[in-house]
file data.cif (mmCIF, C-alpha atoms and all ligand atoms)
data_data
loop_
_atom_site.label_atom_id
_atom_site.label_comp_id
_atom_site.auth_asym_id
_atom_site.auth_seq_id
_atom_site.Cartn_x
_atom_site.Cartn_y
_atom_site.Cartn_z
CA MET A 24 -10.17 -40.92 -27.70
CA PRO A 25 -7.95 -38.03 -26.58
CA SER A 26 -4.57 -37.94 -28.27
CA PRO A 27 -1.48 -38.44 -26.05
CA ARG A 28 -0.29 -34.94 -27.06
CA GLY A 29 -3.58 -33.36 -25.93
CA SER A 30 -3.49 -35.10 -22.57
CA ARG A 31 0.18 -34.08 -22.13
CA GLU A 32 -0.77 -30.45 -22.77
CA ARG A 33 -3.60 -30.64 -20.27
CA ARG A 34 -1.34 -32.23 -17.62
CA SER A 35 1.35 -29.59 -18.06
CA ALA A 36 -1.03 -26.60 -18.03
CA ARG A 37 0.23 -24.03 -15.54
CA PRO A 38 -2.23 -23.36 -12.70
CA GLU A 39 -2.42 -19.63 -13.59
CA PHE A 40 -4.08 -20.62 -16.86
CA ALA A 41 -6.33 -23.31 -15.41
CA SER A 42 -9.26 -20.90 -15.20
CA LEU A 43 -9.01 -20.23 -18.92
CA LEU A 44 -8.80 -23.94 -19.80
CA SER A 45 -11.68 -24.83 -17.52
CA GLN A 46 -13.96 -22.49 -19.46
CA ARG A 47 -13.33 -24.40 -22.67
CA GLY A 48 -15.35 -27.53 -21.99
CA PRO A 49 -16.75 -29.60 -24.84
CA GLY A 50 -19.76 -27.32 -25.02
CA ALA A 51 -17.87 -24.04 -24.84
CA PRO A 52 -18.96 -21.66 -27.59
CA ASP A 53 -15.57 -21.33 -29.27
CA SER A 54 -14.30 -24.91 -28.95
CA PRO A 55 -13.43 -26.74 -32.23
CA SER A 56 -15.95 -29.49 -31.50
CA ARG A 57 -18.70 -26.92 -31.03
CA ARG A 58 -17.69 -25.18 -34.26
CA ARG A 59 -17.87 -28.52 -36.14
CA GLU A 60 -21.28 -29.27 -34.61
CA SER A 61 -22.74 -25.95 -35.68
CA ALA A 62 -21.19 -25.93 -39.18
CA GLY A 63 -23.83 -25.14 -41.75
CA SER A 64 -26.16 -23.41 -39.35
CA ALA A 65 -25.89 -19.89 -37.96
CA PRO A 66 -23.79 -19.87 -34.78
CA PRO A 67 -25.93 -19.31 -31.68
CA PRO A 68 -25.37 -15.93 -30.04
CA LEU A 69 -22.94 -15.98 -27.14
CA PRO A 70 -24.71 -15.84 -23.79
CA GLU A 71 -23.72 -12.59 -22.08
CA GLU A 72 -22.25 -14.30 -19.04
CA ASP A 73 -19.87 -16.32 -21.29
CA CYS A 74 -18.50 -13.10 -22.81
CA MET A 75 -18.05 -11.57 -19.39
CA ARG A 76 -16.28 -14.60 -17.94
CA LEU A 77 -13.12 -14.12 -19.98
CA ASN A 78 -12.44 -10.67 -18.57
CA PRO A 79 -11.94 -11.66 -14.93
CA SER A 80 -9.53 -14.37 -16.12
CA PHE A 81 -7.40 -11.86 -17.96
CA VAL A 82 -7.55 -9.49 -15.04
CA GLY A 83 -6.67 -12.42 -12.80
CA ILE A 84 -3.70 -13.38 -14.95
CA ALA A 85 -2.51 -9.76 -15.09
CA LEU A 86 -2.82 -9.50 -11.30
CA SER A 87 -1.03 -12.79 -10.64
CA SER A 88 1.77 -11.73 -12.97
CA LEU A 89 2.06 -8.37 -11.20
CA LEU A 90 2.15 -10.11 -7.83
CA ALA A 91 4.78 -12.57 -9.05
CA VAL A 92 6.99 -9.72 -10.28
CA ASP A 93 6.33 -7.86 -7.03
CA LEU A 94 7.39 -10.82 -4.87
CA TRP A 95 10.46 -11.48 -7.01
CA ALA A 96 11.58 -7.82 -7.03
CA SER A 97 10.88 -7.36 -3.32
CA LYS A 98 12.96 -10.40 -2.45
CA ARG A 99 15.82 -9.17 -4.65
CA LEU A 100 15.63 -5.67 -3.13
CA GLY A 101 15.43 -6.90 0.47
CA VAL A 102 19.19 -6.56 0.80
CA CYS A 103 19.06 -5.42 4.45
CA ALA A 104 16.47 -7.97 5.61
CA GLY A 105 18.95 -9.46 8.10
CA GLU A 106 22.42 -8.82 9.47
CA ALA A 107 23.75 -11.58 7.21
CA SER A 108 22.09 -10.16 4.08
CA ALA A 109 24.08 -8.60 1.23
CA TRP A 110 23.85 -5.07 2.70
CA GLY A 111 23.20 -6.22 6.28
CA SER A 112 25.66 -3.66 7.68
CA ALA A 113 23.32 -0.85 6.56
CA ARG A 114 20.42 -2.33 8.55
CA PRO A 115 20.97 -0.23 11.73
CA LEU A 116 20.92 2.96 9.65
CA LEU A 117 17.71 1.93 7.90
CA LYS A 118 16.17 1.15 11.27
CA VAL A 119 16.81 4.78 12.26
CA VAL A 120 14.95 5.80 9.07
CA GLU A 121 12.19 3.42 10.19
CA VAL A 122 11.83 5.20 13.53
CA SER A 123 11.72 8.57 11.72
CA GLY A 124 8.52 7.45 9.97
CA HIS A 125 6.96 5.62 12.92
CA GLY A 126 3.59 6.74 14.26
CA ILE A 127 4.63 7.21 17.89
CA PRO A 128 7.30 9.94 17.43
CA TRP A 129 4.99 11.80 15.05
CA LEU A 130 1.96 11.58 17.38
CA LEU A 131 3.95 12.49 20.49
CA GLY A 132 5.86 15.27 18.72
CA THR A 133 2.67 16.82 17.34
CA PHE A 134 0.89 16.54 20.68
CA TYR A 135 3.84 18.16 22.45
CA GLY A 136 3.90 20.98 19.88
CA LEU A 137 0.18 21.46 20.39
CA CYS A 138 0.61 21.82 24.14
CA GLN A 139 3.52 24.25 23.71
CA SER A 140 2.13 26.41 20.91
CA ASP A 141 1.08 29.89 21.86
CA SER A 142 -0.28 31.11 18.52
CA SER A 143 -3.72 30.16 17.32
CA ALA A 144 -2.46 29.63 13.74
CA ALA A 145 0.16 27.10 14.91
CA ARG A 146 -2.43 25.35 17.07
CA GLU A 147 -4.78 25.02 14.10
CA VAL A 148 -2.08 23.47 11.90
CA LEU A 149 -0.86 21.10 14.63
CA LEU A 150 -4.36 20.02 15.59
CA ASN A 151 -5.06 19.14 11.97
CA LEU A 152 -1.73 17.30 11.70
CA PHE A 153 -2.65 15.30 14.80
CA PHE A 154 -6.06 14.54 13.33
CA ALA A 155 -4.40 13.50 10.04
CA LEU A 156 -1.97 11.16 11.83
CA VAL A 157 -4.77 9.47 13.78
CA LEU A 158 -6.89 9.13 10.62
CA ASP A 159 -3.91 7.61 8.85
CA LEU A 160 -3.35 5.02 11.61
CA VAL A 161 -7.02 4.03 11.56
CA LEU A 162 -7.21 3.82 7.76
CA VAL A 163 -4.04 1.75 7.44
CA ALA A 164 -5.22 -0.59 10.22
CA VAL A 165 -8.59 -1.07 8.48
CA VAL A 166 -7.02 -1.79 5.06
CA LYS A 167 -4.43 -4.13 6.60
CA GLY A 168 -7.21 -5.95 8.46
CA ILE A 169 -9.27 -6.35 5.28
CA VAL A 170 -6.48 -7.33 2.87
CA LYS A 171 -4.52 -9.46 5.39
CA ARG A 172 -1.46 -9.73 3.15
CA PRO A 173 1.34 -11.32 5.15
CA ARG A 174 4.70 -9.59 5.37
CA PRO A 175 7.44 -10.96 3.11
CA THR A 176 8.82 -14.26 4.37
CA HIS A 177 12.33 -12.79 4.60
CA ASN A 178 11.16 -10.07 7.06
CA LYS A 179 12.49 -10.31 10.61
CA MET A 180 9.74 -9.01 12.91
CA ASP A 181 11.94 -6.82 15.10
CA MET A 182 10.12 -3.53 14.58
CA PHE A 183 9.86 -0.73 17.14
CA VAL A 184 6.36 -0.86 18.79
CA THR A 185 3.72 -2.49 16.61
CA VAL A 186 0.03 -3.25 17.01
CA SER A 187 -1.70 -6.49 16.04
CA VAL A 188 -2.54 -5.57 12.43
CA ASP A 189 1.11 -4.75 11.82
CA LYS A 190 1.73 -8.42 11.14
CA TYR A 191 0.18 -7.58 7.77
CA SER A 192 2.01 -5.64 5.11
CA PHE A 193 -0.50 -4.01 2.74
CA PRO A 194 -0.27 -1.04 2.71
CA SER A 195 2.93 0.22 4.29
CA GLY A 196 1.97 2.46 7.21
CA HIS A 197 5.36 4.17 7.05
CA ALA A 198 4.91 5.01 3.36
CA THR A 199 1.38 6.31 3.95
CA ARG A 200 2.48 8.49 6.85
CA ALA A 201 5.55 9.79 5.01
CA ALA A 202 3.51 10.85 1.96
CA LEU A 203 0.82 12.43 4.14
CA VAL A 204 3.28 14.32 6.35
CA CYS A 205 5.28 15.43 3.30
CA ARG A 206 2.28 17.02 1.60
CA PHE A 207 1.14 18.52 4.90
CA VAL A 208 4.53 20.05 5.70
CA LEU A 209 5.12 21.35 2.17
CA HIS A 210 1.71 22.98 2.17
CA HIS A 211 1.64 24.46 5.67
CA LEU A 212 5.23 25.30 6.56
CA VAL A 213 7.27 27.99 4.90
CA LEU A 214 10.53 26.17 4.19
CA ALA A 215 13.58 27.03 2.15
CA ILE A 216 13.96 25.05 -1.09
CA PRO A 217 16.77 22.79 0.22
CA LEU A 218 14.57 21.79 3.16
CA ARG A 219 11.64 21.10 0.86
CA VAL A 220 13.89 18.85 -1.23
CA LEU A 221 15.03 17.10 1.96
CA VAL A 222 11.42 16.39 2.95
CA VAL A 223 10.72 14.78 -0.44
CA LEU A 224 13.97 12.80 -0.23
CA TRP A 225 12.97 11.58 3.22
CA VAL A 226 9.72 10.17 1.79
CA LEU A 227 11.63 8.33 -0.93
CA ILE A 228 14.18 6.98 1.54
CA VAL A 229 11.45 5.81 3.94
CA GLY A 230 9.68 4.05 1.06
CA ILE A 231 12.78 2.36 -0.33
CA SER A 232 14.00 1.39 3.14
CA ARG A 233 10.77 -0.53 3.81
CA VAL A 234 11.56 -2.87 0.92
CA MET A 235 15.31 -3.02 1.67
CA LEU A 236 14.59 -3.97 5.29
CA GLY A 237 12.36 -6.76 3.99
CA ARG A 238 9.34 -5.29 5.79
CA HIS A 239 7.29 -4.85 2.63
CA ASN A 240 6.76 -5.78 -0.97
CA VAL A 241 7.13 -3.01 -3.54
CA THR A 242 3.36 -2.78 -4.13
CA ASP A 243 2.71 -2.26 -0.37
CA VAL A 244 4.93 0.81 -0.47
CA LEU A 245 3.57 2.18 -3.76
CA PHE A 246 0.00 1.84 -2.56
CA GLY A 247 0.96 3.33 0.81
CA LEU A 248 2.43 6.40 -0.87
CA PHE A 249 -0.71 6.77 -2.99
CA LEU A 250 -2.97 6.39 0.05
CA GLY A 251 -1.04 8.99 2.04
CA TYR A 252 -1.15 11.38 -0.90
CA VAL A 253 -4.92 11.01 -1.23
CA LEU A 254 -5.46 11.13 2.53
CA TYR A 255 -3.89 14.58 2.66
CA SER A 256 -6.58 15.82 0.25
CA VAL A 257 -9.23 14.38 2.57
CA VAL A 258 -7.65 16.17 5.53
CA GLU A 259 -7.62 19.45 3.60
CA TYR A 260 -11.26 18.93 2.71
CA CYS A 261 -12.22 18.29 6.35
CA TRP A 262 -9.87 20.99 7.70
CA LEU A 263 -10.68 21.73 11.34
CA SER A 264 -10.88 25.41 12.28
CA PRO A 265 -12.21 27.43 15.22
CA LEU A 266 -15.26 28.07 13.05
CA ASN A 267 -16.28 24.46 12.36
CA ALA A 268 -14.90 22.85 15.55
CA PRO A 269 -15.00 25.58 18.25
CA ALA A 270 -15.19 23.09 21.15
CA LEU A 271 -11.99 21.36 20.02
CA PHE A 272 -10.11 24.63 19.80
CA ALA A 273 -11.47 25.79 23.16
CA LEU A 274 -9.68 22.79 24.71
CA TRP A 275 -6.29 24.10 23.56
CA SER A 276 -6.73 27.84 24.15
CA HIS A 277 -4.76 29.10 27.12
C1 LIG B 301 -1.98 5.75 20.31
C2 LIG B 301 -1.64 4.58 19.49
C3 LIG B 301 -2.58 3.44 19.43
C4 LIG B 301 -0.54 4.59 18.79
C5 LIG B 301 -0.13 3.48 17.95
C6 LIG B 301 1.13 3.87 17.28
C7 LIG B 301 1.67 2.68 16.58
C8 LIG B 301 2.10 1.51 17.37
C9 LIG B 301 1.75 2.71 15.27
C10 LIG B 301 2.24 1.59 14.47
C11 LIG B 301 3.26 2.13 13.56
C12 LIG B 301 3.76 0.98 12.73
C13 LIG B 301 4.70 0.05 13.33
C14 LIG B 301 3.30 0.85 11.49
C15 LIG B 301 3.71 -0.24 10.61
O1 LIG B 301 4.32 0.35 9.51
P1 LIG B 301 4.60 -0.51 8.23
O2 LIG B 301 5.26 0.44 7.28
O3 LIG B 301 5.49 -1.63 8.62
O4 LIG B 301 3.26 -0.95 7.74
#

call {"tool": "encode", "arguments": {"input": "data.cif", "output": "structure tokens", "more": "lines below"}}
Ligand SMILES: CC(C)=CCC/C(C)=C/CC/C(C)=C/COP(=O)(O)O
result
Amino acid sequence: MPSPRGSRERRSARPEFASLLSQRGPGAPDSPSRRRESAGSAPPPLPEEDCMRLNPSFVGIALSSLLAVDLWASKRLGVCAGEASAWGSARPLLKVVEVSGHGIPWLLGTFYGLCQSDSSAAREVLLNLFFALVLDLVLVAVVKGIVKRPRPTHNKMDMFVTVSVDKYSFPSGHATRAALVCRFVLHHLVLAIPLRVLVVLWVLIVGISRVMLGRHNVTDVLFGLFLGYVLYSVVEYCWLSPLNAPALFALWSH
């Protein structure tokens, strides 16, 4: 008969640990009853799948803990999530930062520059920036559509032009774009040091503002920055030039 203490422990087990407890049935290899049963004889070897099963549980627990910390920190940092929030008066300023990292101004600005440019070197850089921005939009939309992580509950959905997948928050499209554009600009434009520092600061401000506005959890922004950083390497690898994409460049030659 189970002792009252044992049943109390089972009742109060936290759901995060349920997967671990459920693996320890009466026949589980390391349960006390099993050890008593097999006393005196050599313990049977552990089936491989039983050894493997513990790992996903630990990974699961680590992930749930990370997500719990993420949700808690994001809620605490969402100080501009509404006008009535702790730093609500800074919200209009952060919304300007939001527009500075939005896809539309970047796409339109790059396209305009492309139409106006009269040097083939500038056209090559701008065409690749345009290609990078489109690739970024597609990649973020695909990941958002697969992961389907909802935006934080404290987010007010009053963003400047969004598409359907933008109801999801992982990863942050603004963070991805900011990291991508930052690497692109630092690599292809000759800028004075103060301007280079400003570009890096802009990325950090865009990232932090996404959490402060309540748009994203911290992990959405961190992953977005990582994705944008990596995406730039992909763009460099697939760099379009008059040699490998002559038809594309013929379109823009005057
Ligand atoms: C040409 C075309 C389809 C442009 C779409 C531009 C557009 C609406 C981009 C969405 C930008 C946006 C609101 C991203 C969401 O950023 P998060 O940081 O909130 O993920």

call {"tool": "atom_distance", "arguments": {"input": "data.cif", "atom1": "CA of Val92 in chain A", "atom2": "CA of Thr176 in chain A"}}
result
15.4 Å

call {"tool": "residues_near_ligand", "arguments": {"input": "data.cif", "ligand": "ligand LIG 301 (chain B)", "cutoff": "10 Å", "atoms": "only C-alpha atoms and all ligand atoms", "output": "ChimeraX atom specification"}}
result
/A:121-122,124-131,156-157,159-161,163-164,167,174,180,182-201,229-230,232-234,236-239,243-244,247

call {"tool": "write_last_selection", "arguments": {"input": "data.cif", "atoms": "C-alpha atoms", "output": "JSON list (two decimals), keeping the file's coordinate frame"}}
result
[["chain", "number", "residue", "atom", "x", "y", "z"],
["A", 121, "GLU", "CA", 12.19, 3.42, 10.19],
["A", 122, "VAL", "CA", 11.83, 5.20, 13.53],
["A", 124, "GLY", "CA", 8.52, 7.45, 9.97],
["A", 125, "HIS", "CA", 6.96, 5.62, 12.92],
["A", 126, "GLY", "CA", 3.59, 6.74, 14.26],
["A", 127, "ILE", "CA", 4.63, 7.21, 17.89],
["A", 128, "PRO", "CA", 7.30, 9.94, 17.43],
["A", 129, "TRP", "CA", 4.99, 11.80, 15.05],
["A", 130, "LEU", "CA", 1.96, 11.58, 17.38],
["A", 131, "LEU", "CA", 3.95, 12.49, 20.49],
["A", 156, "LEU", "CA", -1.97, 11.16, 11.83],
["A", 157, "VAL", "CA", -4.77, 9.47, 13.78],
["A", 159, "ASP", "CA", -3.91, 7.61, 8.85],
["A", 160, "LEU", "CA", -3.35, 5.02, 11.61],
["A", 161, "VAL", "CA", -7.02, 4.03, 11.56],
["A", 163, "VAL", "CA", -4.04, 1.75, 7.44],
["A", 164, "ALA", "CA", -5.22, -0.59, 10.22],
["A", 167, "LYS", "CA", -4.43, -4.13, 6.60],
["A", 174, "ARG", "CA", 4.70, -9.59, 5.37],
["A", 180, "MET", "CA", 9.74, -9.01, 12.91],
["A", 182, "MET", "CA", 10.12, -3.53, 14.58],
["A", 183, "PHE", "CA", 9.86, -0.73, 17.14],
["A", 184, "VAL", "CA", 6.36, -0.86, 18.79],
["A", 185, "THR", "CA", 3.72, -2.49, 16.61],
["A", 186, "VAL", "CA", 0.03, -3.25, 17.01],
["A", 187, "SER", "CA", -1.70, -6.49, 16.04],
["A", 188, "VAL", "CA", -2.54, -5.57, 12.43],
["A", 189, "ASP", "CA", 1.11, -4.75, 11.82],
["A", 190, "LYS", "CA", 1.73, -8.42, 11.14],
["A", 191, "TYR", "CA", 0.18, -7.58, 7.77],
["A", 192, "SER", "CA", 2.01, -5.64, 5.11],
["A", 193, "PHE", "CA", -0.50, -4.01, 2.74],
["A", 194, "PRO", "CA", -0.27, -1.04, 2.71],
["A", 195, "SER", "CA", 2.93, 0.22, 4.29],
["A", 196, "GLY", "CA", 1.97, 2.46, 7.21],
["A", 197, "HIS", "CA", 5.36, 4.17, 7.05],
["A", 198, "ALA", "CA", 4.91, 5.01, 3.36],
["A", 199, "THR", "CA", 1.38, 6.31, 3.95],
["A", 200, "ARG", "CA", 2.48, 8.49, 6.85],
["A", 201, "ALA", "CA", 5.55, 9.79, 5.01],
["A", 229, "VAL", "CA", 11.45, 5.81, 3.94],
["A", 230, "GLY", "CA", 9.68, 4.05, 1.06],
["A", 232, "SER", "CA", 14.00, 1.39, 3.14],
["A", 233, "ARG", "CA", 10.77, -0.53, 3.81],
["A", 234, "VAL", "CA", 11.56, -2.87, 0.92],
["A", 236, "LEU", "CA", 14.59, -3.97, 5.29],
["A", 237, "GLY", "CA", 12.36, -6.76, 3.99],
["A", 238, "ARG", "CA", 9.34, -5.29, 5.79],
["A", 239, "HIS", "CA", 7.29, -4.85, 2.63],
["A", 243, "ASP", "CA", 2.71, -2.26, -0.37],
["A", 244, "VAL", "CA", 4.93, 0.81, -0.47],
["A", 247, "GLY", "CA", 0.96, 3.33, 0.81]]

call {"tool": "atom_distance", "arguments": {"input": "data.cif", "atom1": "CA of Val120 in chain A", "atom2": "CA of Val222 in chain A"}}
result
12.7 Å

call {"tool": "residues_near_point", "arguments": {"input": "data.cif", "point": "(-7.1, 24.5, 23.5)", "cutoff": "10 Å", "atoms": "all atoms listed in the file", "output": "list in words"}}
result
Leu137, Cys138, Ser140, Asp141, Ser143, Arg146, Glu147, Leu150, Pro269, Ala270, Leu271, Phe272, Ala273, Leu274, Trp275, Ser276 and His277 of chain A

call {"tool": "write_last_selection", "arguments": {"input": "data.cif", "atoms": "C-alpha atoms", "output": "short mmCIF file (atom, residue, chain, number, x, y, z; two decimals), in the frame of the given file"}}
result
data_model
loop_
_atom_site.label_atom_id
_atom_site.label_comp_id
_atom_site.auth_asym_id
_atom_site.auth_seq_id
_atom_site.Cartn_x
_atom_site.Cartn_y
_atom_site.Cartn_z
CA LEU A 137 0.18 21.46 20.39
CA CYS A 138 0.61 21.82 24.14
CA SER A 140 2.13 26.41 20.91
CA ASP A 141 1.08 29.89 21.86
CA SER A 143 -3.72 30.16 17.32
CA ARG A 146 -2.43 25.35 17.07
CA GLU A 147 -4.78 25.02 14.10
CA LEU A 150 -4.36 20.02 15.59
CA PRO A 269 -15.00 25.58 18.25
CA ALA A 270 -15.19 23.09 21.15
CA LEU A 271 -11.99 21.36 20.02
CA PHE A 272 -10.11 24.63 19.80
CA ALA A 273 -11.47 25.79 23.16
CA LEU A 274 -9.68 22.79 24.71
CA TRP A 275 -6.29 24.10 23.56
CA SER A 276 -6.73 27.84 24.15
CA HIS A 277 -4.76 29.10 27.12
#

call {"tool": "residues_around", "arguments": {"input": "data.cif", "residues": "Tyr260 in chain A", "least_positions_apart": "6", "cutoff": "12 Å", "atoms": "all atoms listed in the file", "output": "list in words"}}
result
Asn151, Ala155, Val253 and Leu254 of chain A

call {"tool": "residues_around", "arguments": {"input": "data.cif", "residues": "Leu152 in chain A", "least_positions_apart": "3", "cutoff": "8 Å", "atoms": "all atoms listed in the file", "output": "PyMOL selection string"}}
result
chain A and resi 133+148-149+155-156+204+207

call {"tool": "atom_distance", "arguments": {"input": "data.cif", "atom1": "CA of Val82 in chain A", "atom2": "CA of Lys98 in chain A"}}
result
24.1 Å

call {"tool": "residues_around", "arguments": {"input": "data.cif", "residues": "Cys261 in chain A", "least_positions_apart": "2", "cutoff": "12 Å", "atoms": "all atoms listed in the file", "output": "VMD selection string"}}
result
chain A and resid 151 to 152 154 to 155 158 254 to 259 263 to 264 267 to 268
